[in-house]
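Chemist: Mind looking over this structure? Questions follow.
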Amino acid sequence: MPPALSGLRVLACVSLAWMAQAGGANAAAPPSSGDEVTISRLKGTITIDGALDDDGWKAVTPVTRWYETNPGDNLEPRVRNVGYLAYDDRYLYAAFEFDDPDPGSIRAPFGDRDNVAGFTDYGGVILDTRHDGRTGILMVANAHNIQYDSVLDDASGNEDPSPDFYWASAAKITSKGWVLEMRIPFSSLRYTHTDPQTWGIMLYRNYPRDRHYQFFSTRQPRGSNCFVCHANVLTGLSALPPGGHLVAAPYVAASEIGEPRGGPGTPLVNGPVKPRGGFDVKWTPSADDALDATVNPDFSQVESDTAQIATNQRFALFFPEKRPFFLEGVELLSTPIQAVYTRTITDPNFGLRTTGKHGSTAYTVLVAQDAGGGSVILPGPNGSALAPQDFDSVVTVARVRHDIGRSFVGVLLTDREAGDHGYNRVLGPDFQLRPTSTDVITAQWLYSATGNPNRPDVSSQWTGQSLSSSAANVRWTHNTTHYDALTYYNDIGGDFRANTGFVPQVGYREGYFETGYTVFPKGFLSRIRSFVITDYQADRQGALIYRQVSPGAGMDGRWNSFMRLRYENDRVRSGNETFARQQFVYVGQVSPSRRFPLFAADGYVGQEVDFENSRPGRGATLNLTATVNPTIHLELAAVDSHQWLHVDDAAGESAPLFTARVLRLRGTYTFTARLFVRGIGQYVSTDRDPSLYFTPVPEHSGTYSGSLLFAYKLNWQSVMYVGCGDDRDLSELNRLEKTDRSFFVKMSYAFQR
């Protein structure tokens, strides 16, 4: 029996045996454990204006029982919080009265949607509409009505702020604190076909002052292996609409690009204006299912990624997905092996997607035609390379997950078909078992079959050959109030490929273990966690790739501060040799006031390896981040990242090999919650000493990109954008020469029925 098929059969048998056990032991496990909250149907009208004097609120029973879950352990909150809940035939309503002894200290700067940081005042709801104790929709707004929403997934432990939902809110600062009103259409939510309905819900307030205080309407036990599962049980919902919501958002756009007439440094010549159009459609035929379609999507509204230093990096860099079409049901695609990374779909001509949940089974299927562009990762055991993806392909992604109590079993399929340019197919099961309230066991096995393009002109690895291999991950986490542990094992075959995912390293086996102990002192520090990490990687022949032993400590303190320090003693392979490294690694951030909400620094200092030339060196990285709010309407943010490496020259003296830097400045002036203007400037540079390299390299390289955007938003899909961009490269004369200049305008409107 082939090893890959043998592994599939073993994991399938384990999954079936576990399902049988879980079906008896966990199927009856309650989906949420919080106190019951009863919601009533409206007996009057409500206007969303930030004032709670409407007739509809007068008969609503307030939710007055709240808990301080951070830094306190489910204590009585230090300030008063009151919530109100009601509903009618179309909407769920929520309102809050948040007292504050000093309303002048409220941190609520204006900003774009979803620009609501953890060091600001905000409040709202977390809804578990399927009452499965797994996935929550977070909808919050700050005291100036800047909205933020996200999806919380207990299975992966992730919060994803990318998805957006339709809902309305209003907020008002008063002499006693601030008030928030919310109106959430049932058409924006997914729930089961039952009557009456039972949901999970949490009312939430974020309150940053001398510390980062968090208040909930339900207890959050320390050391629990879940978050959404502790929601209050919401009863009283009946006769909810069955679905049938349709949103169509067509757009029109135009752009003009100017390029140098005769190469860098020559005058720019504007090309013709290029019109563009397309549309997004979302249809929810029922509250259980959603259908999404996009034709010729435009992503010009997506802010550019913050650059990362790529010099002396072994593996490809990861950037998060921000494009709206790919974000419905995104939590289903989060698995231990990242076999789905939708940014590999670079330029879709069209896309179709269906997502839903029936009973205990959730699914999502995505099909897109990708016009190409971007790069394909060429993975290896000790590094990865990139090859241009200059061909189109059809991409299919499917995921099914069946819940058993708070555990689940699932299957993932990805397929990329590029005709004469090859294919990549990945298939395999996974499961998660929660045998106790403090333990989580997760496993995934995948099999890949790949036909590489016959393009040796692009990459020496692309000779038309066929590859097949498998990848496996098993992990266990254990959390209690004071003690925690994490261990996982990776076994990734050398010919495993996930061209629709992000797997930059293959051909290795890895064992990782981390354990920590946490105490909660009183005083300047409110939490201290000491820990030790061990990690060991070897290739499939047993040769060392990487090993690490790293003790350290992390702590929370006053002024919303956090610090993590650790000593790292490791050994890493470069080429055919391994090199010892000793480094001091640090992370720190503080939020001292509303005008100076964030200062952060992270990096390392110590021994490093010159991976390009395979030799030891000494170096450091320093990443600085700062956010300043001179007024509540103006936000200035800066990122300044440095990395440098010194090696011995021919005389044995230490000399600088390179210095790399990323400097990014962003300024945003938000007039209202719907109107803002944003400017971004980013400079990326690397200075090298060519005499210290074994192959020719430029002494100086650099790029500059700048953009200016004017935006007006009725909601996240009804928008108008006007913007311009400017890109420049550093020439041999050490001047930034223009490479292109662009102007664009876009208008989109969401029609709803």
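Convention: chains lettered A, B, ... in structure tokens order; per-chain residue numbering from 1; ligands numbered from 1 as shown.
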Residues at most 12 Å from Val252 in chain A, counting only C-alpha atoms, excluding those fewer than 5 positions away in the same chain, as an MDAnalysis selection string?
Modeler: chainID A and resid 274:280 296:298 300 718:721 744:749
Chemist: What does the file look like for those residues with N, CA and C atoms, as a PDB file, in the first residue's frame?
Modeler:
```pdb
ATOM      1  N   LYS A 274      -8.619  54.183 -18.846  1.00  0.00           N
ATOM      2  CA  LYS A 274      -9.154  52.825 -18.969  1.00  0.00           C
ATOM      3  C   LYS A 274     -10.398  52.678 -18.099  1.00  0.00           C
ATOM      4  N   PRO A 275     -11.563  52.557 -18.728  1.00  0.00           N
ATOM      5  CA  PRO A 275     -12.770  52.333 -17.930  1.00  0.00           C
ATOM      6  C   PRO A 275     -12.843  50.879 -17.468  1.00  0.00           C
ATOM      7  N   ARG A 276     -13.570  50.652 -16.406  1.00  0.00           N
ATOM      8  CA  ARG A 276     -13.688  49.306 -15.851  1.00  0.00           C
ATOM      9  C   ARG A 276     -15.020  49.220 -15.126  1.00  0.00           C
ATOM     10  N   GLY A 277     -15.621  48.073 -15.179  1.00  0.00           N
ATOM     11  CA  GLY A 277     -16.876  47.868 -14.480  1.00  0.00           C
ATOM     12  C   GLY A 277     -17.021  46.431 -14.039  1.00  0.00           C
ATOM     13  N   GLY A 278     -17.880  46.222 -13.083  1.00  0.00           N
ATOM     14  CA  GLY A 278     -18.130  44.879 -12.574  1.00  0.00           C
ATOM     15  C   GLY A 278     -19.178  44.936 -11.492  1.00  0.00           C
ATOM     16  N   PHE A 279     -19.391  43.827 -10.816  1.00  0.00           N
ATOM     17  CA  PHE A 279     -20.387  43.828  -9.750  1.00  0.00           C
ATOM     18  C   PHE A 279     -20.135  42.673  -8.792  1.00  0.00           C
ATOM     19  N   ASP A 280     -20.638  42.855  -7.588  1.00  0.00           N
ATOM     20  CA  ASP A 280     -20.702  41.817  -6.563  1.00  0.00           C
ATOM     21  C   ASP A 280     -22.166  41.572  -6.236  1.00  0.00           C
ATOM     22  N   ASN A 296     -15.367  40.543 -12.551  1.00  0.00           N
ATOM     23  CA  ASN A 296     -14.367  41.594 -12.760  1.00  0.00           C
ATOM     24  C   ASN A 296     -14.221  42.465 -11.515  1.00  0.00           C
ATOM     25  N   PRO A 297     -13.948  41.860 -10.360  1.00  0.00           N
ATOM     26  CA  PRO A 297     -13.910  42.643  -9.118  1.00  0.00           C
ATOM     27  C   PRO A 297     -12.790  43.669  -9.137  1.00  0.00           C
ATOM     28  N   ASP A 298     -13.026  44.748  -8.393  1.00  0.00           N
ATOM     29  CA  ASP A 298     -12.043  45.827  -8.305  1.00  0.00           C
ATOM     30  C   ASP A 298     -11.655  45.977  -6.843  1.00  0.00           C
ATOM     31  N   SER A 300      -9.390  48.381  -5.711  1.00  0.00           N
ATOM     32  CA  SER A 300      -8.615  49.607  -5.562  1.00  0.00           C
ATOM     33  C   SER A 300      -8.816  50.258  -4.208  1.00  0.00           C
ATOM     34  N   SER A 718     -21.389  50.799  -0.576  1.00  0.00           N
ATOM     35  CA  SER A 718     -21.844  51.997  -1.284  1.00  0.00           C
ATOM     36  C   SER A 718     -20.813  53.090  -1.036  1.00  0.00           C
ATOM     37  N   VAL A 719     -19.937  53.280  -2.035  1.00  0.00           N
ATOM     38  CA  VAL A 719     -18.752  54.092  -1.793  1.00  0.00           C
ATOM     39  C   VAL A 719     -18.417  54.928  -3.025  1.00  0.00           C
ATOM     40  N   MET A 720     -17.618  55.973  -2.776  1.00  0.00           N
ATOM     41  CA  MET A 720     -16.988  56.721  -3.851  1.00  0.00           C
ATOM     42  C   MET A 720     -15.538  56.953  -3.455  1.00  0.00           C
ATOM     43  N   TYR A 721     -14.617  56.610  -4.358  1.00  0.00           N
ATOM     44  CA  TYR A 721     -13.194  56.796  -4.121  1.00  0.00           C
ATOM     45  C   TYR A 721     -12.604  57.633  -5.246  1.00  0.00           C
ATOM     46  N   PHE A 744      -7.210  57.372 -10.246  1.00  0.00           N
ATOM     47  CA  PHE A 744      -8.368  56.503 -10.418  1.00  0.00           C
ATOM     48  C   PHE A 744      -9.568  57.094  -9.693  1.00  0.00           C
ATOM     49  N   VAL A 745     -10.737  56.694 -10.155  1.00  0.00           N
ATOM     50  CA  VAL A 745     -11.998  57.043  -9.513  1.00  0.00           C
ATOM     51  C   VAL A 745     -12.885  55.806  -9.553  1.00  0.00           C
ATOM     52  N   LYS A 746     -13.648  55.607  -8.506  1.00  0.00           N
ATOM     53  CA  LYS A 746     -14.528  54.449  -8.436  1.00  0.00           C
ATOM     54  C   LYS A 746     -15.799  54.836  -7.701  1.00  0.00           C
ATOM     55  N   MET A 747     -16.925  54.346  -8.222  1.00  0.00           N
ATOM     56  CA  MET A 747     -18.213  54.520  -7.556  1.00  0.00           C
ATOM     57  C   MET A 747     -18.935  53.183  -7.526  1.00  0.00           C
ATOM     58  N   SER A 748     -19.487  52.864  -6.372  1.00  0.00           N
ATOM     59  CA  SER A 748     -20.221  51.617  -6.196  1.00  0.00           C
ATOM     60  C   SER A 748     -21.427  51.890  -5.313  1.00  0.00           C
ATOM     61  N   TYR A 749     -22.518  51.212  -5.620  1.00  0.00           N
ATOM     62  CA  TYR A 749     -23.724  51.377  -4.800  1.00  0.00           C
ATOM     63  C   TYR A 749     -24.361  50.015  -4.579  1.00  0.00           C
TER      64      TYR A 749
END
```
Chemist: What's the 9 Å shell around Val519 in chain A, counting only C-alpha atoms, without same-chain residues fewer than 4 positions away, as a PDB file with N, CA and C atoms, in the first residue's frame?
Modeler:
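Written output follows (out-v6.pdb):
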```
ATOM      1  N   THR A 481      -5.871  27.995  34.675  1.00  0.00           N
ATOM      2  CA  THR A 481      -5.705  29.364  35.164  1.00  0.00           C
ATOM      3  C   THR A 481      -4.241  29.767  35.227  1.00  0.00           C
ATOM      4  N   HIS A 482      -3.377  28.855  35.645  1.00  0.00           N
ATOM      5  CA  HIS A 482      -1.968  29.196  35.814  1.00  0.00           C
ATOM      6  C   HIS A 482      -1.036  28.461  34.844  1.00  0.00           C
ATOM      7  N   SER A 526      -0.015  43.253  36.173  1.00  0.00           N
ATOM      8  CA  SER A 526      -1.233  42.504  36.470  1.00  0.00           C
ATOM      9  C   SER A 526      -1.166  41.062  35.988  1.00  0.00           C
ATOM     10  N   ARG A 527      -0.182  40.737  35.173  1.00  0.00           N
ATOM     11  CA  ARG A 527      -0.014  39.364  34.697  1.00  0.00           C
ATOM     12  C   ARG A 527       1.437  39.133  34.344  1.00  0.00           C
ATOM     13  N   ILE A 528       1.990  37.991  34.783  1.00  0.00           N
ATOM     14  CA  ILE A 528       3.352  37.591  34.419  1.00  0.00           C
ATOM     15  C   ILE A 528       3.311  36.122  34.018  1.00  0.00           C
ATOM     16  N   ARG A 529       3.780  35.848  32.808  1.00  0.00           N
ATOM     17  CA  ARG A 529       3.853  34.461  32.340  1.00  0.00           C
ATOM     18  C   ARG A 529       5.301  34.142  32.018  1.00  0.00           C
ATOM     19  N   SER A 530       5.866  33.172  32.719  1.00  0.00           N
ATOM     20  CA  SER A 530       7.191  32.655  32.385  1.00  0.00           C
ATOM     21  C   SER A 530       7.013  31.408  31.531  1.00  0.00           C
TER      22      SER A 530
END
```
Chemist: A:Met555, A:Val394, A:Gly606, A:Pro336: which is nearest Val503 in chain A, counting only C-alpha atoms?
Modeler: A:Pro336
Chemist: Identify, on the basis of only C-alpha atoms, every residue whose closest approach to Ser40 in chain A does not exceed 7 Å; exclude the query and any residue fewer than 3 positions from it along the same chain; express the result as a list in words.
Modeler: Ala86, Tyr87 and Gly236 of chain A
Chemist: Using N, CA, C and O atoms, can you write the selected residues to a file as a PDB file, in the first residue's frame?
Modeler:
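And here's selection05.pdb as it stands now:
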```
ATOM      1  N   ALA A  86     -33.833  44.094  22.213  1.00  0.00           N
ATOM      2  CA  ALA A  86     -35.197  43.987  21.716  1.00  0.00           C
ATOM      3  C   ALA A  86     -35.132  43.579  20.243  1.00  0.00           C
ATOM      4  O   ALA A  86     -34.061  43.586  19.625  1.00  0.00           O
ATOM      5  N   TYR A  87     -36.306  43.244  19.676  1.00  0.00           N
ATOM      6  CA  TYR A  87     -36.339  42.879  18.261  1.00  0.00           C
ATOM      7  C   TYR A  87     -37.736  43.111  17.702  1.00  0.00           C
ATOM      8  O   TYR A  87     -38.732  43.249  18.448  1.00  0.00           O
ATOM      9  N   GLY A 236     -36.321  33.931  23.679  1.00  0.00           N
ATOM     10  CA  GLY A 236     -37.409  34.875  23.424  1.00  0.00           C
ATOM     11  C   GLY A 236     -37.577  35.258  21.976  1.00  0.00           C
ATOM     12  O   GLY A 236     -38.538  35.946  21.613  1.00  0.00           O
TER      13      GLY A 236
END
```
Chemist: Select from range 29-131 of chain A everything DSSP, run on the backbone, classes as strand (DSSP E or B), then give the selection as an MDAnalysis selection string.
Modeler: chainID A and resid 36:38 40:41 63 67:70 75 81:87 91:99 122:128
Chemist: Can you pull out the residues contacting Leu657 in chain A? Cut-off 10 Å, using only C-alpha atoms, and skip same-chain residues under 4 positions away; I want them as a short mmCIF file (atom, residue, chain, number, x, y, z; two decimals) with N, CA, C and O atoms, in the first residue's frame.
Modeler:
```cif
data_model
loop_
_atom_site.label_atom_id
_atom_site.label_comp_id
_atom_site.auth_asym_id
_atom_site.auth_seq_id
_atom_site.Cartn_x
_atom_site.Cartn_y
_atom_site.Cartn_z
N ASP A 610 24.24 34.85 7.85
CA ASP A 610 24.14 35.41 6.50
C ASP A 610 23.69 34.26 5.59
O ASP A 610 24.50 33.47 5.11
N GLY A 617 27.37 35.71 11.46
CA GLY A 617 27.47 37.15 11.58
C GLY A 617 26.83 37.62 12.87
O GLY A 617 26.43 36.82 13.73
N ARG A 618 26.71 38.92 13.03
CA ARG A 618 26.08 39.54 14.19
C ARG A 618 25.18 40.65 13.68
O ARG A 618 25.57 41.43 12.80
N GLY A 619 23.98 40.70 14.23
CA GLY A 619 23.06 41.69 13.71
C GLY A 619 21.92 41.98 14.66
O GLY A 619 21.93 41.59 15.83
N TRP A 644 20.01 44.99 10.26
CA TRP A 644 21.39 45.09 9.82
C TRP A 644 22.15 43.83 10.22
O TRP A 644 21.78 43.13 11.17
N LEU A 645 23.21 43.55 9.45
CA LEU A 645 24.00 42.34 9.68
C LEU A 645 25.46 42.66 9.39
O LEU A 645 25.79 43.27 8.37
N HIS A 646 26.35 42.27 10.32
CA HIS A 646 27.79 42.44 10.17
C HIS A 646 28.43 41.06 10.05
O HIS A 646 28.05 40.11 10.76
N VAL A 647 29.42 40.95 9.17
CA VAL A 647 30.20 39.72 9.00
C VAL A 647 31.68 40.08 9.01
O VAL A 647 32.05 41.26 8.94
N ASP A 648 32.51 39.07 9.09
CA ASP A 648 33.96 39.31 9.05
C ASP A 648 34.42 39.48 7.61
O ASP A 648 34.04 38.70 6.72
N ASP A 649 35.26 40.50 7.39
CA ASP A 649 35.81 40.71 6.05
C ASP A 649 37.07 39.85 5.87
O ASP A 649 37.39 39.02 6.72
N ASP A 687 21.05 48.97 1.74
CA ASP A 687 22.43 49.37 1.44
C ASP A 687 23.34 48.18 1.72
O ASP A 687 23.29 47.59 2.80
N ARG A 688 24.19 47.83 0.74
CA ARG A 688 25.05 46.65 0.86
C ARG A 688 26.51 47.02 0.60
O ARG A 688 26.80 48.05 -0.03
N ASP A 689 27.39 46.15 1.07
CA ASP A 689 28.81 46.23 0.71
C ASP A 689 29.09 45.12 -0.29
O ASP A 689 29.25 43.96 0.10
N PRO A 690 29.12 45.42 -1.60
CA PRO A 690 29.28 44.35 -2.61
C PRO A 690 30.56 43.54 -2.44
O PRO A 690 30.60 42.37 -2.84
N SER A 691 31.58 44.13 -1.82
CA SER A 691 32.83 43.39 -1.66
C SER A 691 32.71 42.23 -0.70
O SER A 691 33.56 41.33 -0.68
N LEU A 692 31.66 42.22 0.13
CA LEU A 692 31.47 41.14 1.10
C LEU A 692 30.55 40.04 0.58
O LEU A 692 30.31 39.05 1.29
N TYR A 693 30.04 40.18 -0.62
CA TYR A 693 29.15 39.18 -1.20
C TYR A 693 29.94 38.29 -2.16
O TYR A 693 30.90 38.73 -2.79
#
```
Chemist: Need to verify the contact set: range 57-59 of chain A, 12 Å, only C-alpha atoms, exclusion of same-chain residues closer than 4 positions in sequence. Can you return it as JSON, numbers by chain?
Modeler: {"A": [39, 40, 41, 42, 43, 44, 45, 46, 47, 48, 51, 52, 53, 83, 84, 85, 86, 87, 93, 94, 95, 96, 181]}
Chemist: Record the distance separating CA of Thr477 in chain A and CA of Ala231 in chain A, expressed in Å with one decimal.
Modeler: 21.9 Å
Chemist: With distances taken over only C-alpha atoms, which residue among A:Phe671, A:Phe391, A:Trp445, A:Phe408 lies nearest Gln338 in chain A?
Modeler: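 Between A:Phe671, A:Phe391, A:Trp445, A:Phe408, the residue approaching Gln338 in chain A most closely is A:Trp445.
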Chemist: Identify which of the residues A:Ala651, A:Ala368, A:Ala498, A:Val340 lies closest to Leu467 in chain A, counting only C-alpha atoms when measuring atom-to-atom distances.
Modeler: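 Looking only at the distances to Leu467 in chain A, the closest residue turns out to be A:Ala498.
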Chemist: Kindly indicate which residue among A:Ser593, A:Val228, A:Val532, A:Gln752 lies nearest to Tyr567 in chain A, using only C-alpha atoms for the distances.
Modeler: A:Val532
